[in-house]
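Below is the file protein-v7.cif, which contains mmCIF, C-alpha atoms.
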data_run
#
loop_
_atom_site.label_atom_id
_atom_site.label_comp_id
_atom_site.auth_asym_id
_atom_site.auth_seq_id
_atom_site.Cartn_x
_atom_site.Cartn_y
_atom_site.Cartn_z
CA MET A 6 -0.06 6.43 20.41
CA GLN A 7 -0.36 3.10 22.19
CA ARG A 8 -3.64 2.06 23.76
CA GLU A 9 -2.96 0.93 27.31
CA ARG A 10 -5.97 2.12 29.28
CA HIS A 11 -8.94 -0.10 30.06
CA GLY A 12 -11.52 2.50 31.07
CA VAL A 13 -12.94 3.21 34.49
CA SER A 14 -16.15 1.20 34.38
CA ASP A 15 -15.02 -2.17 33.07
CA LEU A 16 -13.46 -3.55 36.25
CA ALA A 17 -15.56 -4.92 39.09
CA PRO A 18 -14.38 -4.51 42.71
CA PRO A 19 -12.25 -7.54 43.62
CA ALA A 20 -14.61 -8.39 46.51
CA LEU A 21 -17.31 -9.27 43.98
CA LEU A 22 -15.36 -12.26 42.64
CA PRO A 23 -15.93 -14.51 45.67
CA ALA A 24 -19.48 -13.18 45.82
CA LEU A 25 -20.05 -14.45 42.28
CA LEU A 26 -18.98 -17.94 43.27
CA GLN A 27 -21.07 -17.79 46.45
CA ALA A 28 -24.10 -17.17 44.25
CA ASP A 29 -23.59 -20.77 43.02
CA PRO A 30 -23.47 -20.01 39.29
CA GLN A 31 -23.61 -22.60 36.54
CA PHE A 32 -21.61 -21.57 33.47
CA TYR A 33 -22.92 -22.66 30.07
CA PHE A 34 -20.26 -22.31 27.35
CA ASP A 35 -21.26 -22.28 23.67
CA VAL A 36 -18.90 -24.57 21.73
CA GLY A 37 -20.03 -23.48 18.25
CA PRO A 38 -16.69 -21.80 17.37
CA LEU A 39 -14.83 -25.00 18.33
CA PHE A 40 -16.40 -26.90 15.41
CA ASP A 41 -13.88 -25.44 12.96
CA ALA A 42 -11.38 -28.01 11.72
CA HIS A 43 -8.52 -25.48 11.54
CA TRP A 44 -8.36 -23.27 14.60
CA THR A 45 -7.27 -19.72 13.90
CA GLY A 46 -8.56 -16.49 15.35
CA ILE A 47 -11.92 -16.92 17.12
CA PRO A 48 -11.66 -20.71 17.62
CA VAL A 49 -8.25 -20.20 19.25
CA VAL A 50 -9.75 -17.71 21.69
CA ALA A 51 -12.77 -19.92 22.36
CA GLY A 52 -10.55 -22.94 23.00
CA ALA A 53 -8.30 -21.02 25.37
CA LEU A 54 -11.26 -19.70 27.38
CA ALA A 55 -12.79 -23.18 27.56
CA ARG A 56 -9.52 -24.64 28.86
CA GLU A 57 -9.15 -21.87 31.45
CA LEU A 58 -12.75 -22.18 32.62
CA LEU A 59 -12.35 -25.94 33.01
CA ARG A 60 -9.13 -25.44 34.94
CA ARG A 61 -10.69 -22.83 37.22
CA CYS A 62 -14.30 -23.98 37.62
CA PRO A 63 -14.64 -27.56 36.31
CA GLU A 64 -17.64 -28.43 38.47
CA ARG A 65 -19.49 -25.28 37.42
CA THR A 66 -18.93 -25.54 33.66
CA ARG A 67 -21.18 -27.19 31.10
CA PHE A 68 -20.93 -27.01 27.33
CA PHE A 69 -23.73 -26.65 24.81
CA HIS A 70 -24.51 -26.05 21.16
CA GLU A 71 -27.91 -24.98 19.88
CA ASP A 72 -30.42 -26.77 22.16
CA CYS A 73 -28.13 -29.60 23.25
CA LEU A 74 -25.62 -30.11 25.98
CA VAL A 75 -22.29 -31.40 24.66
CA ALA A 76 -20.38 -34.19 26.38
CA LEU A 77 -17.37 -33.02 28.36
CA ALA A 78 -15.17 -35.79 26.93
CA ALA A 79 -15.92 -34.66 23.37
CA VAL A 80 -14.99 -31.07 24.21
CA GLN A 81 -11.81 -32.12 25.99
CA ASP A 82 -10.80 -34.18 22.95
CA ALA A 83 -11.23 -31.13 20.70
CA LEU A 84 -9.20 -29.00 23.12
CA HIS A 85 -6.44 -31.60 23.10
CA ARG A 86 -6.37 -31.72 19.30
CA SER A 87 -6.88 -27.95 18.80
CA SER A 88 -9.34 -28.97 16.12
CA GLY A 89 -13.07 -29.45 16.00
CA SER A 90 -13.20 -32.00 13.19
CA PHE A 91 -14.24 -34.87 15.45
CA LEU A 92 -16.37 -32.67 17.69
CA GLN A 93 -18.44 -31.49 14.73
CA ARG A 94 -18.74 -35.01 13.34
CA ASP A 95 -19.74 -36.53 16.67
CA PHE A 96 -22.24 -33.78 17.38
CA ALA A 97 -23.86 -34.32 13.98
CA ARG A 98 -24.07 -38.06 14.68
CA GLY A 99 -25.44 -37.44 18.16
CA THR A 100 -22.61 -39.27 19.93
CA ALA A 101 -21.29 -36.05 21.51
CA ASN A 102 -24.70 -34.96 22.75
CA ALA A 103 -25.38 -35.08 26.48
CA GLY A 104 -29.10 -34.39 26.42
CA ALA A 105 -31.24 -31.33 25.91
CA LEU A 106 -30.19 -27.97 27.29
CA PRO A 107 -32.26 -27.78 30.47
CA LEU A 108 -34.83 -25.09 31.00
CA ILE A 109 -33.16 -22.41 33.05
CA GLY A 110 -34.79 -21.32 36.26
CA GLY A 111 -34.96 -21.96 39.96
CA HIS A 112 -32.45 -20.99 42.59
CA ARG A 113 -29.19 -21.58 40.74
CA LEU A 114 -27.78 -18.69 38.73
CA SER A 115 -27.23 -19.54 35.05
CA ILE A 116 -24.57 -17.68 33.09
CA GLY A 117 -24.34 -18.09 29.34
CA LEU A 118 -20.87 -17.55 27.88
CA PHE A 119 -20.67 -17.03 24.12
CA PRO A 120 -17.12 -16.77 22.73
CA SER A 121 -18.47 -15.22 19.54
CA VAL A 122 -21.97 -14.59 18.14
CA LYS A 123 -24.98 -15.76 20.14
CA PRO A 124 -27.05 -18.48 18.45
CA ARG A 125 -29.72 -17.88 21.10
CA ARG A 126 -30.53 -14.88 23.28
CA GLY A 127 -32.39 -14.24 26.51
CA PHE A 128 -32.19 -17.84 27.69
CA PHE A 129 -29.81 -17.49 30.63
CA ASP A 130 -30.07 -15.35 33.76
CA ILE A 131 -26.87 -13.53 32.80
CA GLU A 132 -25.44 -13.47 29.27
CA CYS A 133 -21.97 -12.55 28.10
CA SER A 134 -20.58 -12.61 24.56
CA VAL A 135 -17.17 -11.78 23.11
CA THR A 136 -16.92 -9.18 20.34
CA HIS A 137 -13.71 -9.67 18.38
CA ASP A 138 -13.90 -6.73 15.98
CA LEU A 139 -16.21 -4.39 14.10
CA SER A 140 -14.48 -4.80 10.76
CA THR A 141 -17.74 -5.42 8.89
CA LEU A 142 -18.93 -1.99 10.06
CA VAL A 143 -15.68 -0.03 10.01
CA MET A 144 -14.20 -1.52 6.81
CA PRO A 145 -17.08 -3.10 4.85
CA LEU A 146 -15.09 -3.03 1.60
CA PHE A 147 -13.20 -6.10 2.81
CA HIS A 148 -16.32 -8.21 3.32
CA LEU A 149 -19.08 -9.75 1.24
CA THR A 150 -22.38 -7.84 1.36
CA ASP A 151 -24.33 -10.80 2.74
CA ASN A 152 -21.74 -11.27 5.46
CA ILE A 153 -21.96 -7.60 6.44
CA HIS A 154 -25.73 -7.71 6.79
CA HIS A 155 -25.67 -11.02 8.65
CA HIS A 156 -22.94 -9.99 11.07
CA MET A 157 -24.27 -6.53 11.84
CA GLN A 158 -27.85 -7.71 12.40
CA ARG A 159 -26.64 -10.38 14.79
CA LEU A 160 -24.20 -8.06 16.53
CA VAL A 161 -26.81 -5.41 17.32
CA ALA A 162 -29.15 -8.05 18.75
CA ASP A 163 -26.32 -9.70 20.70
CA LEU A 164 -25.24 -6.43 22.27
CA ALA A 165 -28.81 -5.55 23.20
CA SER A 166 -29.28 -8.86 25.03
CA ASP A 167 -25.85 -8.94 26.72
CA ASP A 168 -25.38 -8.18 30.39
CA VAL A 169 -21.64 -8.11 29.65
CA THR A 170 -19.95 -7.62 26.29
CA VAL A 171 -16.29 -8.59 26.24
CA CYS A 172 -14.06 -6.55 23.94
CA VAL A 173 -10.72 -8.16 23.11
CA SER A 174 -8.97 -4.77 22.95
CA GLN A 175 -9.45 -1.16 23.93
CA ALA A 176 -9.69 -0.39 20.22
CA THR A 177 -12.69 -2.71 19.88
CA ARG A 178 -14.28 -1.24 22.99
CA ASP A 179 -13.86 2.27 21.61
CA ASP A 180 -15.42 1.21 18.30
CA ILE A 181 -18.48 -0.32 19.99
CA ALA A 182 -18.97 2.71 22.21
CA ALA A 183 -18.55 5.13 19.29
CA TYR A 184 -20.55 3.36 16.59
CA LEU A 185 -23.20 1.48 18.56
CA GLY A 186 -23.62 3.54 21.72
CA VAL A 187 -23.48 0.65 24.20
CA ALA A 188 -23.40 1.73 27.86
CA GLU A 189 -19.87 1.68 29.25
CA ASP A 190 -20.80 -0.34 32.34
CA ARG A 191 -21.69 -3.28 30.07
CA LEU A 192 -18.35 -3.29 28.21
CA VAL A 193 -15.19 -4.89 29.54
CA VAL A 194 -11.77 -5.01 27.90
CA ALA A 195 -10.28 -8.48 28.26
CA HIS A 196 -7.23 -8.93 26.05
CA ASN A 197 -6.51 -12.22 24.39
CA GLY A 198 -3.54 -14.19 25.63
CA VAL A 199 -0.90 -16.54 24.31
CA ALA A 200 0.26 -19.91 25.63
CA TRP A 201 2.14 -22.78 24.06
CA PRO A 202 2.26 -26.38 25.34
CA ASP A 203 5.38 -26.94 27.42
CA TRP A 204 6.61 -29.68 25.13
CA PHE A 205 6.83 -27.27 22.19
CA ALA A 206 9.93 -25.55 23.58
CA VAL A 207 11.55 -28.84 24.61
CA GLN A 208 11.08 -30.52 21.24
CA ALA A 209 11.86 -27.41 19.21
CA ALA A 210 15.19 -27.07 21.01
CA ASN A 211 16.23 -30.30 19.30
CA GLU A 212 14.77 -29.43 15.91
CA VAL A 213 15.27 -25.70 15.38
CA ASP A 214 18.60 -23.92 15.08
CA PRO A 215 17.89 -20.32 14.02
CA ALA A 216 21.61 -19.66 13.62
CA ALA A 217 21.83 -22.38 10.98
CA THR A 218 18.66 -21.28 9.17
CA GLU A 219 18.77 -18.94 6.20
CA PRO A 220 17.04 -15.69 7.29
CA TYR A 221 13.38 -15.51 6.38
CA PHE A 222 10.30 -13.44 7.05
CA LEU A 223 7.19 -15.28 8.16
CA ILE A 224 3.87 -13.90 6.94
CA LEU A 225 1.01 -15.39 8.97
CA GLY A 226 -2.64 -15.01 8.13
CA THR A 227 -5.58 -16.19 6.09
CA ARG A 228 -5.25 -15.08 2.48
CA GLU A 229 -8.21 -12.74 2.25
CA PRO A 230 -8.46 -9.00 1.45
CA ARG A 231 -8.54 -7.65 5.04
CA LYS A 232 -5.29 -9.40 5.96
CA ASN A 233 -3.50 -7.39 3.23
CA ILE A 234 -1.23 -10.23 2.12
CA ALA A 235 -1.37 -8.78 -1.39
CA ARG A 236 0.59 -5.77 -0.13
CA VAL A 237 3.54 -8.02 0.73
CA LEU A 238 3.42 -9.65 -2.69
CA GLU A 239 3.31 -6.22 -4.29
CA MET A 240 6.33 -5.14 -2.25
CA LEU A 241 8.31 -8.20 -3.34
CA THR A 242 7.42 -7.47 -6.96
CA LEU A 243 8.50 -3.82 -6.78
CA PHE A 244 11.50 -4.42 -4.52
CA PRO A 245 12.97 -7.86 -5.34
CA ASP A 246 16.13 -6.98 -3.40
CA VAL A 247 14.28 -8.08 -0.23
CA LEU A 248 14.55 -11.66 -1.44
CA GLU A 249 18.30 -11.44 -1.98
CA THR A 250 18.97 -11.81 1.76
CA HIS A 251 15.68 -13.13 3.14
CA ARG A 252 13.19 -15.73 1.99
CA CYS A 253 9.47 -15.15 2.58
CA VAL A 254 7.24 -17.87 4.01
CA PHE A 255 3.47 -17.31 3.70
CA ALA A 256 1.67 -19.58 6.19
CA GLY A 257 -2.11 -19.57 6.32
CA ARG A 258 -5.18 -21.01 4.72
CA MET A 259 -6.87 -19.59 1.65
CA GLY A 260 -9.81 -17.37 2.48
CA TRP A 261 -12.45 -15.81 0.30
CA LEU A 262 -11.89 -13.82 -2.90
CA GLU A 263 -8.72 -15.81 -3.56
CA GLU A 264 -8.39 -14.43 -7.09
CA GLN A 265 -7.29 -11.12 -5.50
CA GLN A 266 -4.53 -13.00 -3.76
CA ALA A 267 -3.10 -14.64 -6.87
CA VAL A 268 0.68 -14.52 -6.96
CA PRO A 269 1.95 -11.91 -9.46
CA ALA A 270 3.57 -13.39 -12.52
CA GLY A 271 6.80 -11.55 -11.73
CA LEU A 272 7.29 -13.66 -8.59
CA ARG A 273 6.97 -17.08 -10.19
CA ARG A 274 10.70 -17.39 -10.69
CA SER A 275 11.29 -16.60 -7.00
CA ILE A 276 8.78 -19.28 -6.04
CA ALA A 277 10.47 -21.81 -8.29
CA ALA A 278 13.81 -20.92 -6.70
CA GLY A 279 12.43 -21.41 -3.19
CA ARG A 280 12.76 -17.74 -2.23
CA ILE A 281 8.98 -17.57 -1.65
CA VAL A 282 7.23 -20.50 0.03
CA PHE A 283 3.52 -21.21 0.57
CA PRO A 284 3.09 -24.07 3.07
CA GLY A 285 -0.64 -23.27 3.54
CA PHE A 286 -2.30 -23.92 6.88
CA VAL A 287 0.15 -25.35 9.42
CA SER A 288 -0.28 -27.06 12.78
CA ASP A 289 0.32 -25.16 16.01
CA TYR A 290 3.67 -26.84 16.53
CA THR A 291 4.83 -26.13 12.98
CA LYS A 292 3.72 -22.52 13.43
CA TYR A 293 5.69 -22.35 16.67
CA LYS A 294 8.84 -23.61 14.95
CA LEU A 295 8.38 -21.19 12.06
CA LEU A 296 7.95 -18.29 14.47
CA LEU A 297 10.95 -19.34 16.53
CA ALA A 298 13.35 -19.46 13.59
CA ALA A 299 12.06 -16.43 11.65
CA GLU A 300 14.09 -13.23 11.44
CA ALA A 301 10.81 -11.38 11.90
CA THR A 302 7.14 -11.77 11.13
CA ILE A 303 5.14 -9.51 8.83
CA TYR A 304 1.50 -8.90 9.71
CA PRO A 305 0.23 -6.14 7.39
CA SER A 306 -3.51 -6.38 8.19
CA PHE A 307 -5.70 -3.38 7.46
CA PHE A 308 -7.83 -3.86 10.56
CA GLU A 309 -7.82 -6.15 13.59
CA GLY A 310 -9.85 -6.51 16.74
CA PHE A 311 -6.73 -7.84 18.49
CA GLY A 312 -4.00 -9.40 16.35
CA LEU A 313 -3.03 -12.80 17.76
CA PRO A 314 -0.19 -13.42 15.25
CA VAL A 315 1.60 -10.33 16.56
CA LEU A 316 1.40 -11.61 20.12
CA GLU A 317 2.42 -15.13 19.11
CA SER A 318 5.49 -13.76 17.36
CA LEU A 319 6.58 -11.68 20.35
CA SER A 320 6.00 -14.59 22.74
CA VAL A 321 8.90 -16.54 21.20
CA GLY A 322 11.17 -13.50 20.99
CA THR A 323 10.63 -12.78 17.30
CA PRO A 324 10.06 -9.13 16.30
CA CYS A 325 7.09 -8.19 14.15
CA ILE A 326 6.51 -5.74 11.33
CA THR A 327 2.85 -4.77 11.49
CA SER A 328 0.36 -2.08 10.54
CA TYR A 329 -0.13 1.03 12.61
CA SER A 330 -3.85 0.39 12.61
CA SER A 331 -6.72 -0.42 14.97
CA SER A 332 -5.59 -2.64 17.89
CA LEU A 333 -2.17 -3.64 16.58
CA PRO A 334 -0.10 -0.96 18.38
CA GLU A 335 -2.03 -1.85 21.54
CA VAL A 336 -0.67 -5.38 21.29
CA GLY A 337 2.78 -4.70 19.88
CA GLY A 338 3.77 -1.72 22.00
CA ASP A 339 7.29 -0.45 21.36
CA VAL A 340 8.83 -3.72 20.16
CA CYS A 341 7.25 -3.75 16.69
CA TRP A 342 8.09 -1.97 13.45
CA TYR A 343 4.98 -0.19 12.17
CA HIS A 344 3.94 0.81 8.66
CA ASP A 345 1.03 2.34 6.80
CA PRO A 346 -1.05 -0.64 5.57
CA PHE A 347 -1.99 1.24 2.39
CA SER A 348 1.59 2.08 1.40
CA VAL A 349 3.82 -0.53 -0.18
CA HIS A 350 6.73 1.90 0.08
CA ASP A 351 6.24 2.30 3.81
CA LEU A 352 6.09 -1.47 4.23
CA TYR A 353 9.36 -1.74 2.29
CA ARG A 354 10.90 0.90 4.54
CA ALA A 355 10.00 -1.13 7.65
CA VAL A 356 11.27 -4.36 6.12
CA ARG A 357 14.59 -2.77 5.13
CA GLU A 358 15.03 -1.37 8.64
CA VAL A 359 14.65 -4.85 10.09
CA GLN A 360 16.95 -6.34 7.47
CA THR A 361 19.59 -3.79 8.40
CA ALA A 362 19.16 -3.81 12.19
CA ARG A 363 18.57 -7.59 12.54
CA PRO A 364 17.02 -7.19 16.02
CA LYS A 365 16.51 -10.95 16.34
CA GLN A 366 20.27 -11.25 16.85
CA SER A 367 20.04 -9.28 20.10
CA ALA A 368 19.29 -11.37 23.20
CA ALA A 369 18.13 -8.22 24.98
CA PHE A 370 15.64 -7.39 22.26
CA ARG A 371 14.31 -10.95 22.16
CA GLN A 372 13.70 -10.67 25.89
CA ARG A 373 11.87 -7.37 25.41
CA CYS A 374 9.56 -9.14 22.97
CA ARG A 375 8.87 -11.96 25.40
CA ASP A 376 8.30 -9.49 28.25
CA ARG A 377 5.75 -7.64 26.15
CA ALA A 378 3.90 -10.86 25.34
CA ALA A 379 3.92 -11.95 28.98
CA ARG A 380 1.52 -9.12 29.76
CA PHE A 381 -1.23 -10.97 27.87
CA THR A 382 -2.50 -14.23 29.39
CA TRP A 383 -5.68 -16.29 29.10
CA GLU A 384 -5.85 -16.41 32.88
CA ALA A 385 -5.99 -12.61 33.02
CA MET A 386 -8.63 -12.57 30.29
CA LEU A 387 -10.91 -14.88 32.27
CA ASP A 388 -10.23 -12.90 35.45
CA ARG A 389 -11.57 -9.77 33.82
CA ILE A 390 -14.60 -11.59 32.42
CA LEU A 391 -15.45 -13.07 35.82
CA ALA A 392 -15.04 -9.68 37.48
CA ALA A 393 -17.39 -8.09 34.95
CA LEU A 394 -19.91 -10.90 35.46
CA ALA A 395 -19.75 -10.33 39.21
CA ALA A 396 -20.55 -6.68 38.68
CA ALA A 397 -23.41 -7.58 36.33
CA VAL A 398 -24.92 -9.95 38.88
CA ALA A 399 -24.69 -7.32 41.62
CA ARG A 400 -26.15 -4.69 39.31
CA ARG A 401 -28.96 -6.66 37.76
CA ARG A 402 -29.91 -9.36 40.24
CA PRO A 403 -29.21 -8.13 43.79
CA GLY A 404 -31.66 -10.57 45.32
CA HIS A 405 -30.50 -13.72 43.51
CA GLY A 406 -28.83 -16.34 45.66
CA ALA A 407 -27.67 -16.32 49.22
CA ALA A 408 -24.68 -14.04 48.74
CA LEU A 409 -25.89 -11.42 46.27
#
What is this file in structure tokens?
Amino acid sequence: MQRERHGVSDLAPPALLPALLQADPQFYFDVGPLFDAHWTGIPVVAGALARELLRRCPERTRFFHEDCLVALAAVQDALHRSSGSFLQRDFARGTANAGALPLIGGHRLSIGLFPSVKPRRGFFDIECSVTHDLSTLVMPLFHLTDNIHHHMQRLVADLASDDVTVCVSQATRDDIAAYLGVAEDRLVVAHNGVAWPDWFAVQAANEVDPAATEPYFLILGTREPRKNIARVLEMLTLFPDVLETHRCVFAGRMGWLEEQQAVPAGLRRSIAAGRIVFPGFVSDYTKYKLLLAAEATIYPSFFEGFGLPVLESLSVGTPCITSYSSSLPEVGGDVCWYHDPFSVHDLYRAVREVQTARPKQSAAFRQRCRDRAARFTWEAMLDRILAALAAAVARRRPGHGAAL
């Protein structure tokens, strides 16, 4: 069953959008997630929303971290690099600071936008945070105990202080409503999107020739228990015939509990022969090229709030083998091969089906993948957030500003 609905209470009437802007809001965007040096997952979402907000409302957008405003030029540099290495350094040195976060009050409406957890609460007139998943609650066995306590305590407080909570999938929205009992009129589904710089396709056309590349499966994801990379390694150990026709490329940084992700001794010969490759974390452009040339991607995660690697794969016309779990069918629709994330035999079945069918060779199927991905855009995500904020302003502050 695919999740396609968005609920009846998470869309504001379109007429409220211009009303929101007439209320003269000032958006304050928390850049904390952008400090990561290697952007995957939440930093990718935060960066995309920051870019879209700057494109749409540059004069109304300010950036902050903790109690300080952050210089626009420093944020733009991080967005250009897709890395927060220099942003974090410059903030620590004080060179990216643009003064103290002003006391909020007066006539102008302040809206705090938090792309992840909220380092401060109750400071802005209207507050909105993004919840990416409830994995620490739903599947605590894949997290450290301290992380579970920290995340859940913060999440409950964040939700209680939110005027709008953004859920990156219907699956996440359902989890929040079921486990935490948040009122439906404060939850909005705003799917993540996918976008590549225009030059990626132009340059890759001169560097990538899938027809001349030996077939390979690309396995994207941080090597940590929840991502279930160990299941792929187990499959290759039990069914080495997979490697006879396809190499396997594991791209992603090492996460926590890395001893559980150690490569089985039985695969060392395949690694030495180049049948299994571990490039580690790769740049966005390298990831794009790997996706473009892959026969298919494998994303066997136990639980996801959205599943960006699935969407990224489909966006370049590459089919994906992924788990029938949480939000993943909501993203992949009918162009993915699904498997039970707990069953190595079911994963092997899906891999063999793709090896036999070779859907990447079909131009029609590649177009179906791209069409599916085109339904998810960062512009649409921000549209839904702004609509929900408009409804929150009308609901909570009917007398604020000239228009509302």
Kindly resolve the PyMOL selection byres ((chain A and resi 182-191) around 7) on the present coordinates and return the residues as a VMD selection string. chain A and resid 14 to 15 168 to 170 178 to 181 192 to 193
Restricting it to C-alpha atoms, dump the selection as a compact mmCIF listing (two decimals), in the frame of the given file.
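Result went into again.txt, see below:
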# COMPACT_ATOMS: atom_id res chain seq x y z
CA SER A 14 -16.15 1.20 34.38
CA ASP A 15 -15.02 -2.17 33.07
CA ASP A 168 -25.38 -8.18 30.39
CA VAL A 169 -21.64 -8.11 29.65
CA THR A 170 -19.95 -7.62 26.29
CA ARG A 178 -14.28 -1.24 22.99
CA ASP A 179 -13.86 2.27 21.61
CA ASP A 180 -15.42 1.21 18.30
CA ILE A 181 -18.48 -0.32 19.99
CA LEU A 192 -18.35 -3.29 28.21
CA VAL A 193 -15.19 -4.89 29.54
Need to verify the contact set: stretch 139-154 of chain A, 10 Å, all atoms listed in the file, exclusion of same-chain residues closer than 5 positions in sequence. Can you return it as a PyMOL selection string? chain A and resi 159-160+176-178+180-181+184+229-233+261-262+307-310+331
Report as a PyMOL selection string all protein, DNA and RNA residues lying within 8 Å of A:Asp29, evaluated on only C-alpha atoms, omitting residues in the same chain fewer than 3 positions from it. chain A and resi 25-26+113-114+406
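The space between atom CA of A:Tyr353 and atom CA of A:Glu219 spans 20.0 Å.
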I want to know what sits within 10 Å of A:Asp339, based on only C-alpha atoms, with residues of the same chain fewer than 4 positions away left out; could you give that as number ranges by chain? A: 7, 334-335, 343, 373-374, 377
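For the pair atom CA of A:Thr382 and atom CA of A:Phe205, the separation is 17.6 Å.
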So what does the PyMOL selection byres ((chain A and resi 33) around 10) actually pick up in this one, as a PyMOL selection string? chain A and resi 30-32+34-36+65-70+74+106+115-119+129+132
Near stretch 288-305 of chain A, within 8 Å and counting all atoms listed in the file, which residues show up once chain neighbours fewer than 3 positions away are dropped, as an NGL selection string? :A and (205 or 209 or 213-215 or 218 or 220-226 or 232-234 or 236-237 or 314-315 or 317-318 or 321-328 or 344 or 346 or 359 or 363 or 365)
Counting only C-alpha atoms, write as a PyMOL selection string all protein and nucleic acid residues lying at most 12 Å from (-11.7, -24.7, 26.1) in the file's frame. chain A and resi 34-40+47-63+66-68+77-89+118-120+383+387
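Our summary of the geometry notes that atom CA of A:Val336 is positioned 19.3 Å from atom CA of A:Thr227.
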Report as lines of an AutoDock Vina configuration file the centre and the edge lengths, in Å to one decimal, of the axis-aligned box holding every listed atom of stretch 309-319 of chain A, padded by 8 Å on each side.
center_x = -1.6
center_y = -10.6
center_z = 17.0
size_x = 32.4
size_y = 25.0
size_z = 22.8
Using all atoms listed in the file, determine which residues lie at most 7 Å from A:Phe311, disregarding the query and same-chain residues fewer than 6 positions distant; provide the list as a list in words. Val173, Ser174, Ser332 and Leu333 of chain A
Since I can't run it myself right now, could you work out what the PyMOL selection byres ((chain A and resi 242-245) around 8) selects here and report it as a PyMOL selection string? chain A and resi 238-241+246-249+269+271-272+353
